[in-house]
file data_26.cif (mmCIF, C-alpha atoms)
data_protein
loop_
_atom_site.label_atom_id
_atom_site.label_comp_id
_atom_site.auth_asym_id
_atom_site.auth_seq_id
_atom_site.Cartn_x
_atom_site.Cartn_y
_atom_site.Cartn_z
CA MET A 14 -47.54 6.54 66.26
CA ASN A 15 -48.53 3.36 68.16
CA GLN A 16 -46.17 0.43 68.55
CA ARG A 17 -48.11 -1.84 66.13
CA LEU A 18 -47.92 0.69 63.30
CA LEU A 19 -44.24 1.27 63.99
CA GLY A 20 -43.63 -2.43 63.73
CA VAL A 21 -45.32 -2.65 60.33
CA VAL A 22 -43.18 0.21 58.99
CA PHE A 23 -40.01 -1.52 60.24
CA VAL A 24 -40.96 -4.84 58.56
CA LEU A 25 -41.69 -3.14 55.23
CA ALA A 26 -38.38 -1.28 55.29
CA PHE A 27 -36.47 -4.50 55.98
CA ALA A 28 -38.24 -6.26 53.09
CA VAL A 29 -37.36 -3.50 50.62
CA ALA A 30 -33.70 -3.61 51.66
CA ALA A 31 -33.56 -7.39 51.24
CA CYS A 32 -34.97 -7.19 47.67
CA GLY A 33 -32.34 -4.76 46.47
CA GLY A 34 -33.44 -1.43 47.79
CA ASN A 35 -32.31 1.40 45.54
CA THR A 36 -31.77 -0.60 42.30
CA ALA A 37 -31.76 2.50 40.09
CA GLU A 38 -28.18 3.27 41.09
CA THR A 39 -26.80 -0.21 40.25
CA THR A 40 -26.04 -0.74 36.53
CA THR A 41 -24.04 -3.29 34.54
CA ALA A 42 -22.23 -2.17 31.37
CA ALA A 43 -22.76 -4.37 28.31
CA PRO A 44 -19.57 -5.96 26.97
CA THR A 45 -18.01 -4.47 23.88
CA ALA A 46 -18.85 -6.67 20.93
CA SER A 47 -16.45 -7.35 18.06
CA SER A 48 -17.51 -8.71 14.67
CA THR A 49 -20.38 -11.12 15.42
CA THR A 50 -20.75 -11.54 19.19
CA THR A 51 -23.46 -13.40 21.08
CA VAL A 52 -24.42 -11.62 24.30
CA SER A 53 -26.62 -13.40 26.87
CA THR A 54 -28.81 -11.32 29.19
CA GLN A 55 -30.69 -12.60 32.25
CA THR A 56 -34.16 -11.48 33.31
CA THR A 57 -34.84 -12.41 36.96
CA ILE A 58 -38.45 -12.58 38.22
CA SER A 59 -38.46 -11.85 41.93
CA THR A 60 -41.29 -12.61 44.36
CA THR A 61 -42.55 -11.01 47.52
CA PRO A 62 -41.10 -12.22 50.81
CA SER A 63 -44.38 -13.94 51.66
CA SER A 64 -44.09 -16.23 48.62
CA SER A 65 -42.26 -19.49 49.00
CA THR A 66 -41.97 -20.03 45.23
CA THR A 67 -38.60 -19.30 43.56
CA LEU A 68 -38.61 -19.02 39.75
CA THR A 69 -35.60 -20.02 37.60
CA PRO A 70 -34.12 -16.95 35.82
CA ALA A 71 -35.23 -16.78 32.19
CA THR A 72 -32.35 -16.37 29.66
CA THR A 73 -32.76 -14.61 26.33
CA THR A 74 -30.06 -14.54 23.62
CA THR A 75 -29.46 -11.51 21.41
CA THR A 76 -26.98 -11.35 18.52
CA VAL A 77 -25.06 -8.08 18.51
CA ILE A 78 -22.89 -7.16 15.51
CA ALA A 79 -20.29 -4.46 16.02
CA LYS A 80 -17.23 -3.30 14.13
CA ASP A 81 -13.76 -3.67 15.61
CA ILE A 82 -11.88 -0.63 16.87
CA LEU A 83 -8.11 -1.14 16.70
CA ASP A 84 -5.39 0.90 18.33
CA TYR A 85 -3.45 3.02 15.86
CA GLY A 86 0.01 1.87 14.83
CA GLN A 87 -0.77 -1.73 13.88
CA TRP A 88 -1.00 -3.72 10.66
CA ILE A 89 -3.70 -5.97 9.25
CA LEU A 90 -4.03 -8.35 6.32
CA VAL A 91 -7.04 -7.33 4.24
CA LEU A 92 -9.08 -10.29 2.99
CA ALA A 93 -12.05 -8.46 1.48
CA SER A 94 -13.24 -4.86 1.07
CA LEU A 95 -17.01 -4.33 0.78
CA PRO A 96 -18.25 -0.83 -0.18
CA THR A 97 -20.44 0.58 2.58
CA ASP A 98 -22.93 1.95 0.05
CA GLU A 99 -23.59 -1.57 -1.24
CA PHE A 100 -23.08 -3.82 1.81
CA THR A 101 -23.98 -3.72 5.49
CA LEU A 102 -21.94 -4.64 8.52
CA GLU A 103 -24.01 -7.81 8.72
CA ASP A 104 -22.97 -8.69 5.15
CA ALA A 105 -19.31 -8.29 6.03
CA ALA A 106 -19.65 -10.21 9.29
CA ALA A 107 -21.25 -13.07 7.38
CA ARG A 108 -17.96 -13.57 5.54
CA THR A 109 -15.81 -13.94 8.67
CA PRO A 110 -16.60 -17.65 9.30
CA GLU A 111 -14.91 -18.42 5.96
CA VAL A 112 -11.48 -17.71 7.47
CA ALA A 113 -10.87 -18.67 11.08
CA GLY A 114 -10.15 -15.67 13.29
CA SER A 115 -11.09 -13.03 10.71
CA ARG A 116 -12.99 -9.95 11.84
CA VAL A 117 -14.52 -6.72 10.49
CA LEU A 118 -13.57 -3.06 10.78
CA LEU A 119 -14.74 0.16 9.11
CA SER A 120 -12.07 1.82 6.98
CA ASP A 121 -13.51 5.28 7.78
CA ASP A 122 -12.08 4.95 11.31
CA TYR A 123 -8.48 4.97 10.07
CA PRO A 124 -6.97 7.82 7.98
CA SER A 125 -4.42 5.41 6.52
CA LEU A 126 -7.17 3.34 4.83
CA ASN A 127 -9.37 4.27 1.89
CA ALA A 128 -12.71 5.41 3.28
CA GLY A 129 -16.03 3.75 2.49
CA TYR A 130 -15.38 0.04 3.07
CA TRP A 131 -16.25 -2.72 5.49
CA VAL A 132 -12.93 -4.56 5.77
CA VAL A 133 -12.75 -8.27 6.50
CA TYR A 134 -9.28 -8.78 7.91
CA THR A 135 -6.98 -10.97 9.93
CA GLY A 136 -4.64 -9.62 12.56
CA PRO A 137 -3.68 -7.18 13.90
CA PHE A 138 0.11 -7.42 13.72
CA PRO A 139 2.66 -5.17 15.45
CA GLU A 140 4.74 -4.91 12.27
CA ASP A 141 4.19 -5.13 8.52
CA PRO A 142 3.30 -8.79 7.88
CA THR A 143 4.52 -10.61 4.79
CA THR A 144 2.15 -12.38 2.44
CA SER A 145 3.43 -15.69 3.83
CA THR A 146 1.20 -14.87 6.81
CA CYS A 147 -1.89 -15.04 4.59
CA PRO A 148 -4.32 -17.86 5.45
CA ASP A 149 -4.11 -20.64 2.88
CA ASP A 150 -7.74 -21.68 3.28
CA ARG A 151 -9.28 -18.36 2.23
CA PRO A 152 -11.97 -18.40 -0.52
CA GLU A 153 -10.98 -17.66 -4.10
CA ASP A 154 -12.71 -14.28 -4.10
CA PHE A 155 -10.72 -13.18 -1.04
CA THR A 156 -7.47 -11.30 -1.50
CA CYS A 157 -4.68 -10.85 1.05
CA TYR A 158 -2.42 -7.83 1.41
CA PRO A 159 -1.04 -5.78 4.33
CA ARG A 160 -2.40 -2.41 5.40
CA PHE A 161 -1.33 -0.01 8.14
CA VAL A 162 -4.08 1.22 10.48
CA GLY A 163 -3.50 4.66 11.90
CA ASP A 164 -2.65 8.17 10.81
CA VAL A 165 -1.63 8.87 7.24
CA ALA A 166 1.47 10.69 8.47
CA VAL A 167 2.63 7.55 10.24
CA ALA A 168 1.90 5.36 7.25
CA LEU A 169 3.95 7.49 4.88
CA PRO A 170 7.74 7.81 4.99
CA ASN A 171 9.46 11.08 4.16
CA ILE A 172 9.21 12.17 0.54
CA VAL A 173 12.62 12.52 -1.11
CA ILE A 174 12.70 15.11 -3.89
CA TRP A 175 15.39 16.45 -6.18
CA THR A 176 14.84 20.15 -6.80
CA GLU A 177 16.89 23.00 -8.15
CA THR A 178 18.08 23.54 -4.57
CA GLY A 179 19.36 19.96 -4.19
CA ILE A 180 18.01 16.74 -2.72
CA ARG A 181 15.65 17.34 0.18
CA GLN A 182 13.36 15.27 2.37
CA VAL A 183 9.82 16.52 3.02
CA SER A 184 7.55 15.44 5.87
CA PRO A 185 4.19 14.16 4.51
CA ALA A 186 2.54 15.32 7.73
CA THR A 187 3.69 18.94 7.79
CA GLY A 188 5.10 19.64 4.33
CA GLU A 189 8.29 20.94 5.92
CA TYR A 190 11.84 20.03 4.97
CA VAL A 191 13.49 17.37 7.13
CA GLY A 192 17.27 17.29 7.63
CA ASP A 193 19.95 19.06 5.62
CA PRO A 194 19.99 19.51 1.84
CA VAL A 195 22.25 17.37 -0.32
CA ASP A 196 23.90 19.17 -3.23
CA LEU A 197 24.02 17.09 -6.39
CA ASP A 198 25.06 18.47 -9.75
CA ALA A 199 22.62 17.24 -12.39
CA GLY A 200 24.48 18.81 -15.29
CA GLY A 201 24.34 16.71 -18.46
CA ILE A 202 22.28 13.86 -17.01
CA PHE A 203 18.64 12.93 -16.62
CA ILE A 204 17.23 11.30 -13.52
CA ASP A 205 14.98 8.31 -14.15
CA ARG A 206 13.36 7.55 -10.79
CA PHE A 207 14.32 7.65 -7.14
CA THR A 208 13.97 4.67 -4.85
CA VAL A 209 14.94 5.22 -1.22
CA THR A 210 16.22 2.74 1.36
CA GLN A 211 13.99 2.03 4.35
CA ASP A 212 16.22 3.98 6.71
CA SER A 213 16.17 6.95 4.29
CA GLY A 214 19.96 6.82 4.33
CA ALA A 215 20.49 6.43 0.59
CA ALA A 216 18.65 6.84 -2.70
CA TYR A 217 19.17 4.91 -5.92
CA TYR A 218 18.25 6.46 -9.24
CA GLY A 219 18.59 5.81 -12.95
CA VAL A 220 20.97 8.07 -14.88
CA GLY A 221 20.57 8.86 -18.55
CA TRP A 222 22.49 11.03 -21.01
CA GLU A 223 21.15 13.17 -23.81
CA ASP A 224 23.05 11.34 -26.57
CA PHE A 225 22.74 7.89 -25.01
CA TRP A 226 22.82 6.07 -28.36
CA TYR A 227 26.46 6.94 -29.03
CA SER A 228 27.87 4.28 -26.70
CA CYS A 229 26.85 0.87 -25.46
CA GLU A 230 27.25 1.81 -21.78
CA ALA A 231 25.18 4.97 -22.13
CA SER A 232 22.51 3.11 -24.08
CA ARG A 233 22.30 0.43 -21.39
CA GLY A 234 21.94 3.00 -18.62
CA THR A 235 23.41 3.35 -15.15
CA VAL A 236 21.97 3.19 -11.64
CA ALA A 237 23.69 5.54 -9.21
CA ARG A 238 23.58 5.68 -5.42
CA VAL A 239 23.66 8.85 -3.33
CA ASP A 240 24.28 8.96 0.41
CA LEU A 241 21.56 11.31 1.65
CA SER A 242 23.61 12.40 4.66
CA THR A 243 26.82 13.29 2.85
CA GLY A 244 25.81 13.74 -0.79
CA LEU A 245 28.51 11.32 -1.96
CA THR A 246 27.57 9.37 -5.08
CA ASP A 247 28.85 6.28 -6.80
CA ILE A 248 27.82 3.96 -9.63
CA ALA A 249 25.90 0.99 -8.25
CA TYR A 250 24.55 -1.11 -11.16
CA PRO A 251 24.08 -1.11 -14.93
CA GLY A 252 20.53 -0.64 -16.21
CA TYR A 253 17.75 1.74 -15.25
CA ASN A 254 14.54 2.18 -13.22
CA PRO A 255 15.73 0.79 -9.86
CA GLN A 256 13.03 -0.37 -7.42
CA ILE A 257 13.66 -1.49 -3.82
CA SER A 258 11.53 -4.35 -2.45
CA PRO A 259 8.98 -3.60 0.33
CA ASP A 260 11.21 -5.12 3.03
CA GLY A 261 14.22 -3.14 1.80
CA SER A 262 16.44 -6.16 1.20
CA LEU A 263 16.44 -6.35 -2.62
CA ILE A 264 16.67 -3.96 -5.55
CA ALA A 265 15.37 -4.73 -9.03
CA VAL A 266 16.83 -3.08 -12.14
CA ILE A 267 15.75 -3.28 -15.79
CA ASP A 268 18.75 -4.33 -17.89
CA SER A 269 19.83 -5.70 -21.25
CA SER A 270 21.66 -8.92 -21.95
CA GLU A 271 23.27 -7.45 -25.08
CA CYS A 272 24.11 -4.22 -26.83
CA VAL A 273 24.08 -4.30 -30.63
CA PRO A 274 25.01 -1.82 -33.37
CA ASP A 275 22.06 0.01 -34.88
CA PRO A 276 21.70 -1.37 -38.44
CA ALA A 277 20.01 1.84 -39.58
CA GLN A 278 22.56 4.31 -38.22
CA GLU A 279 26.31 3.79 -38.21
CA GLY A 280 27.94 4.53 -34.87
CA TRP A 281 24.70 4.19 -32.91
CA TRP A 282 23.88 1.43 -30.44
CA LEU A 283 20.66 -0.34 -29.53
CA THR A 284 19.97 -1.97 -26.20
CA PRO A 285 16.95 -4.32 -26.10
CA PHE A 286 15.85 -4.46 -22.46
CA ASP A 287 15.05 -8.12 -22.08
CA GLN A 288 15.84 -8.85 -18.45
CA ILE A 289 15.48 -7.78 -14.82
CA GLN A 290 18.41 -8.11 -12.46
CA ILE A 291 17.79 -8.59 -8.72
CA TYR A 292 20.54 -7.52 -6.32
CA GLN A 293 20.93 -7.92 -2.57
CA LEU A 294 21.34 -4.41 -1.16
CA SER A 295 23.32 -5.56 1.86
CA GLN A 296 26.04 -7.07 -0.33
CA GLY A 297 27.02 -3.75 -1.85
CA ILE A 298 28.39 -5.43 -4.99
CA ALA A 299 26.88 -5.67 -8.46
CA VAL A 300 26.43 -9.45 -8.48
CA PRO A 301 22.78 -10.38 -9.14
CA VAL A 302 21.10 -12.94 -6.91
CA ALA A 303 18.46 -13.57 -9.60
CA THR A 304 18.00 -12.79 -13.29
CA LEU A 305 14.56 -12.71 -14.89
CA GLN A 306 15.02 -13.20 -18.62
CA MET A 307 12.97 -13.03 -21.82
CA GLU A 308 13.41 -16.09 -24.01
CA GLY A 309 15.38 -15.91 -27.24
CA PRO A 310 17.00 -12.90 -28.91
CA MET A 311 15.04 -9.65 -29.08
CA ALA A 312 14.19 -8.61 -32.65
CA ILE A 313 15.76 -5.23 -33.32
CA ASP A 314 12.97 -4.22 -35.70
CA ASN A 315 10.21 -5.24 -33.26
CA ARG A 316 10.95 -4.49 -29.64
CA ASP A 317 7.39 -4.51 -28.25
CA ARG A 318 8.30 -7.47 -26.04
CA GLU A 319 10.85 -5.35 -24.19
CA VAL A 320 10.47 -4.69 -20.47
CA SER A 321 9.32 -1.10 -20.02
CA ASP A 322 8.67 -0.88 -16.28
CA LEU A 323 8.40 -2.83 -13.04
CA PHE A 324 6.88 -2.51 -9.57
CA TRP A 325 7.11 -4.77 -6.52
CA VAL A 326 3.95 -6.54 -5.36
CA ASP A 327 5.61 -8.13 -2.33
CA ASN A 328 9.13 -9.22 -1.41
CA ARG A 329 9.15 -12.09 -3.93
CA THR A 330 6.82 -10.86 -6.65
CA LEU A 331 6.95 -8.15 -9.30
CA LEU A 332 4.56 -6.60 -11.79
CA VAL A 333 6.47 -6.43 -15.07
CA PHE A 334 5.28 -4.21 -17.93
CA GLN A 335 6.16 -4.65 -21.60
CA TRP A 336 6.00 -2.06 -24.37
CA ASP A 337 3.08 -3.84 -26.05
CA GLY A 338 0.86 -3.32 -22.97
CA THR A 339 1.34 -6.79 -21.48
CA VAL A 340 1.42 -6.88 -17.66
CA ARG A 341 2.86 -9.99 -16.02
CA GLN A 342 3.05 -11.06 -12.40
CA VAL A 343 6.51 -12.53 -11.95
CA SER A 344 8.09 -14.47 -9.11
CA ILE A 345 11.80 -13.85 -8.67
CA ASP A 346 12.14 -17.60 -8.11
CA GLN A 347 10.91 -18.31 -11.68
CA PRO A 348 13.46 -16.72 -14.06
CA ASN A 349 11.54 -17.17 -17.34
CA LEU A 350 9.70 -13.90 -17.97
CA ASP A 351 7.80 -15.29 -20.96
CA ALA A 352 6.33 -18.06 -18.79
CA ALA A 353 5.03 -15.66 -16.12
CA PRO A 354 1.23 -15.34 -16.06
CA ILE A 355 -0.33 -12.38 -17.86
CA ILE A 356 -2.70 -10.50 -15.57
CA ASP A 357 -3.58 -7.71 -17.99
CA ARG A 358 -3.04 -6.83 -21.61
CA SER A 359 -3.92 -3.33 -22.66
CA GLU A 360 -2.15 -0.99 -25.01
CA THR A 361 -3.34 1.89 -22.83
CA ILE A 362 -1.02 0.81 -20.02
CA ARG A 363 2.20 1.34 -21.89
CA PHE A 364 3.35 4.14 -19.62
CA PRO A 365 2.62 3.26 -15.97
CA VAL A 366 3.41 5.88 -13.37
CA THR A 367 3.04 3.72 -10.29
CA VAL A 368 1.10 0.85 -8.75
CA VAL A 369 -0.85 1.54 -5.55
CA GLY A 370 -2.50 -1.58 -4.13
CA GLN A 371 -4.52 -3.10 -7.01
CA ASP A 372 -4.55 0.13 -9.03
CA ILE A 373 -2.21 1.13 -11.86
CA PHE A 374 -1.81 4.85 -12.45
CA TYR A 375 -0.74 5.55 -16.02
CA THR A 376 -0.78 8.06 -18.85
CA ALA A 377 -2.51 7.21 -22.10
CA GLU A 378 0.32 8.58 -24.22
CA ASN A 379 3.95 9.45 -23.89
CA THR A 380 3.72 12.56 -26.03
CA SER A 381 3.17 16.27 -25.54
CA GLY A 382 -0.45 16.21 -26.72
CA ASP A 383 -3.27 18.05 -24.97
CA ASP A 384 -4.29 14.98 -22.95
CA SER A 385 -0.94 13.26 -22.78
CA THR A 386 -0.36 14.03 -19.12
CA ARG A 387 -3.82 13.10 -17.86
CA LEU A 388 -3.42 10.28 -15.37
CA TYR A 389 -5.75 7.29 -15.46
CA ARG A 390 -6.37 4.66 -12.82
CA ARG A 391 -6.99 1.02 -13.79
CA ASN A 392 -7.96 -1.61 -11.24
CA LEU A 393 -6.18 -4.89 -11.88
CA THR A 394 -8.94 -6.89 -10.19
CA THR A 395 -11.98 -5.44 -11.94
CA GLY A 396 -10.39 -3.92 -15.05
CA GLY A 397 -12.29 -0.68 -14.38
CA VAL A 398 -10.69 2.54 -15.63
CA THR A 399 -11.27 6.02 -14.25
CA ALA A 400 -9.69 9.30 -15.28
CA THR A 401 -8.14 11.33 -12.48
CA ASP A 402 -8.34 15.11 -12.35
CA ILE A 403 -4.57 15.38 -12.71
CA THR A 404 -3.66 16.88 -16.06
CA THR A 405 -0.19 18.28 -15.42
CA ASP A 406 3.20 16.61 -15.47
CA ALA A 407 3.25 14.71 -12.23
CA TRP A 408 4.70 11.84 -10.29
CA ILE A 409 2.57 9.54 -8.20
CA VAL A 410 4.39 7.61 -5.52
CA GLY A 411 2.64 4.70 -3.83
CA SER A 412 3.30 4.16 -0.15
CA THR A 413 4.67 1.02 1.45
CA ASN A 414 1.21 0.10 2.74
CA GLY A 415 -0.15 0.12 -0.80
CA THR A 416 -3.02 2.49 -0.12
CA ASN A 417 -1.79 6.02 0.42
CA TYR A 418 -0.07 7.95 -2.30
CA VAL A 419 1.71 11.22 -2.96
CA ILE A 420 1.18 13.31 -6.08
CA VAL A 421 4.05 15.63 -6.96
CA GLU A 422 3.54 18.24 -9.64
CA SER A 423 5.96 20.92 -10.85
CA THR A 424 6.38 22.57 -7.43
CA THR A 425 3.48 21.23 -5.36
CA ILE A 426 2.86 18.07 -3.32
CA TYR A 427 -0.48 16.42 -2.52
CA VAL A 428 -1.11 13.55 -0.08
CA ASN A 429 -4.08 11.34 -0.99
CA GLY A 430 -5.38 14.14 -3.19
CA GLU A 431 -5.16 16.78 -0.45
CA PHE A 432 -2.84 19.73 -0.99
CA LEU A 433 0.20 19.58 1.30
CA VAL A 434 2.69 22.26 0.26
CA ASP A 435 4.02 24.38 -2.58
CA LEU A 436 7.79 24.20 -2.30
CA GLY A 437 8.35 27.06 -4.67
CA ALA A 438 11.21 25.15 -6.31
CA GLU A 439 11.18 23.17 -9.53
CA ILE A 440 11.03 19.43 -8.78
CA TRP A 441 13.12 17.19 -11.01
CA ALA A 442 12.72 13.75 -9.41
CA VAL A 443 10.86 12.21 -6.50
CA GLY A 444 10.68 8.96 -4.54
CA TRP A 445 10.64 7.35 -1.10
#
call {"tool": "encode", "arguments": {"input": "data_26.cif", "output": "structure tokens"}}
result
Amino acid sequence: MNQRLLGVVFVLAFAVAACGGNTAETTTAAPTASSTTTVSTQTTISTTPSSSTTLTPATTTTTVIAKDILDYGQWILVLASLPTDEFTLEDAAARTPEVAGSRVLLSDDYPSLNAGYWVVYTGPFPEDPTTSTCPDDRPEDFTCYPRFVGDVAVALPNIVIWTETGIRQVSPATGEYVGDPVDLDAGGIFIDRFTVTQDSGAAYYGVGWEDFWYSCEASRGTVARVDLSTGLTDIAYPGYNPQISPDGSLIAVIDSSECVPDPAQEGWWLTPFDQIQIYQLSQGIAVPVATLQMEGPMAIDNRDREVSDLFWVDNRTLLVFQWDGTVRQVSIDQPNLDAAPIIDRSETIRFPVTVVGQDIFYTAENTSGDDSTRLYRRNLTTGGVTATDITTDAWIVGSTNGTNYVIVESTTIYVNGEFLVDLGAEIWAVGW
């Protein structure tokens, strides 16, 4: 090769190296986009070394919409849930400007959430947020409630059951017993419903007697407390159907302001349940911190106004059910039950089993008919009713995050409709 040709080769090699050389091995990863993210990309037009003209890089803007991916073990406040078979990610992202800082995730990515929704949310939070964290400027069609994002097993506390072998705790992840059994003699009494403290150290339950009408105290009912580590029990409050608030600080009990002789049967007593007593669990004494009361005396011959059940919505709000099918949303700071707003009125919801999120699970009848134990699900927001496939005697227990639930039948337990375990022992009461 002559010197002139060698010189040309050298110049060409130097020019290639100056313009970037082996560009195929140099890549730039695109940033991860969350909700609606604007990503700018630059296209640079280069020239040959012999050209003296330098062009300004052209900039193009592309809108990229992507769902959020959150680390497990956090909490969010759900503002809106859009079914994925009706709405797109773009539809959900279009709602985020309505609340500053809100974003979008896909519920399918988290076992603790109901699948099939684009979720407009605010957060995340390291711990369960209270509703006081809800943005005040959200649109009227937005809701606001906390949800745990992660595994179902993490979202659910241990299930506490009372079986013929005693009180046991069952892991919702494995179906195995946790801790030691607690022996508790149930002879001569009926257990109303368990409610368990947040540390799973104690359970409160309503106690009833077969011939409860023979005395005023028995007619009124009693709430007992059992230490789940020792099995020791004591009487905690009068009334029945105890329910602990989501933050574990308060307990609500259905009670009666009076006990009157039954005019139709000498020696019998009637107890119109016309109030809800709220107690501070940390105090350990039966002195209510709030009393929610029906107005006026309860007519003995027409007791449809009576309180039949209650469930906590948040730490200051309750859903209160009456025998006539009226459902009220009641603040514990407003003691007049009759003045509380009615959010539903349906004679079919006379026997609620539990409230999970915005859904009431209930039985249509309280009899032993062929369909009496079929559970129905009514959405408080839409009013829609669907029949579940559960037709046996069962408990449904809603979780603290309001989404997941446990179904307990005679000896079997299901988590979110999936079979967990057959304990092989008759189950008498359940709670968490």
call {"tool": "residues_around", "arguments": {"input": "data_26.cif", "residues": "A:Gly437", "least_positions_apart": "2", "cutoff": "12 Å", "atoms": "all atoms listed in the file", "output": "JSON list (two decimals) with C-alpha atoms, in the frame of the given file"}}
result
[["chain", "number", "residue", "atom", "x", "y", "z"],
["A", 176, "THR", "CA", 14.84, 20.15, -6.80],
["A", 177, "GLU", "CA", 16.89, 23.00, -8.15],
["A", 178, "THR", "CA", 18.08, 23.54, -4.57],
["A", 422, "GLU", "CA", 3.54, 18.24, -9.64],
["A", 423, "SER", "CA", 5.96, 20.92, -10.85],
["A", 424, "THR", "CA", 6.38, 22.57, -7.43],
["A", 425, "THR", "CA", 3.48, 21.23, -5.36],
["A", 426, "ILE", "CA", 2.86, 18.07, -3.32],
["A", 434, "VAL", "CA", 2.69, 22.26, 0.26],
["A", 435, "ASP", "CA", 4.02, 24.38, -2.58],
["A", 439, "GLU", "CA", 11.18, 23.17, -9.53],
["A", 440, "ILE", "CA", 11.03, 19.43, -8.78]]
call {"tool": "resolve_selection", "arguments": {"input": "data_26.cif", "expression": "the PyMOL selection byres ((chain A and resi 147-152) around 12)", "output": "PDB file with C-alpha atoms, keeping the file's coordinate frame"}}
result
ATOM      1  CA  ILE A  89      -3.700  -5.970   9.250  1.00  0.00           C
ATOM      2  CA  LEU A  90      -4.030  -8.350   6.320  1.00  0.00           C
ATOM      3  CA  VAL A  91      -7.040  -7.330   4.240  1.00  0.00           C
ATOM      4  CA  LEU A  92      -9.080 -10.290   2.990  1.00  0.00           C
ATOM      5  CA  ALA A  93     -12.050  -8.460   1.480  1.00  0.00           C
ATOM      6  CA  ARG A 108     -17.960 -13.570   5.540  1.00  0.00           C
ATOM      7  CA  THR A 109     -15.810 -13.940   8.670  1.00  0.00           C
ATOM      8  CA  PRO A 110     -16.600 -17.650   9.300  1.00  0.00           C
ATOM      9  CA  GLU A 111     -14.910 -18.420   5.960  1.00  0.00           C
ATOM     10  CA  VAL A 112     -11.480 -17.710   7.470  1.00  0.00           C
ATOM     11  CA  ALA A 113     -10.870 -18.670  11.080  1.00  0.00           C
ATOM     12  CA  GLY A 114     -10.150 -15.670  13.290  1.00  0.00           C
ATOM     13  CA  SER A 115     -11.090 -13.030  10.710  1.00  0.00           C
ATOM     14  CA  VAL A 133     -12.750  -8.270   6.500  1.00  0.00           C
ATOM     15  CA  TYR A 134      -9.280  -8.780   7.910  1.00  0.00           C
ATOM     16  CA  THR A 135      -6.980 -10.970   9.930  1.00  0.00           C
ATOM     17  CA  GLY A 136      -4.640  -9.620  12.560  1.00  0.00           C
ATOM     18  CA  PRO A 142       3.300  -8.790   7.880  1.00  0.00           C
ATOM     19  CA  THR A 143       4.520 -10.610   4.790  1.00  0.00           C
ATOM     20  CA  THR A 144       2.150 -12.380   2.440  1.00  0.00           C
ATOM     21  CA  SER A 145       3.430 -15.690   3.830  1.00  0.00           C
ATOM     22  CA  THR A 146       1.200 -14.870   6.810  1.00  0.00           C
ATOM     23  CA  GLU A 153     -10.980 -17.660  -4.100  1.00  0.00           C
ATOM     24  CA  ASP A 154     -12.710 -14.280  -4.100  1.00  0.00           C
ATOM     25  CA  PHE A 155     -10.720 -13.180  -1.040  1.00  0.00           C
ATOM     26  CA  THR A 156      -7.470 -11.300  -1.500  1.00  0.00           C
ATOM     27  CA  CYS A 157      -4.680 -10.850   1.050  1.00  0.00           C
ATOM     28  CA  TYR A 158      -2.420  -7.830   1.410  1.00  0.00           C
ATOM     29  CA  PRO A 159      -1.040  -5.780   4.330  1.00  0.00           C
TER      30      PRO A 159
END
call {"tool": "resolve_selection", "arguments": {"input": "data_26.cif", "expression": "the PyMOL selection byres ((chain A and resi 86) around 7)", "output": "list in words"}}
result
Asp84, Tyr85, Gln87, Val162 and Gly163 of chain A
call {"tool": "residues_around", "arguments": {"input": "data_26.cif", "residues": "A:Gly214", "least_positions_apart": "5", "cutoff": "10 Å", "atoms": "all atoms listed in the file", "output": "PyMOL selection string"}}
result
chain A and resi 209+239-243
call {"tool": "resolve_selection", "arguments": {"input": "data_26.cif", "expression": "the PyMOL selection byres ((chain A and resi 95-105) around 7)", "output": "PyMOL selection string"}}
result
chain A and resi 78+93-94+106-108+117+129-133
call {"tool": "atom_distance", "arguments": {"input": "data_26.cif", "atom1": "atom CA of A:Asp327", "atom2": "atom CA of A:Thr339"}}
result
19.7 Å
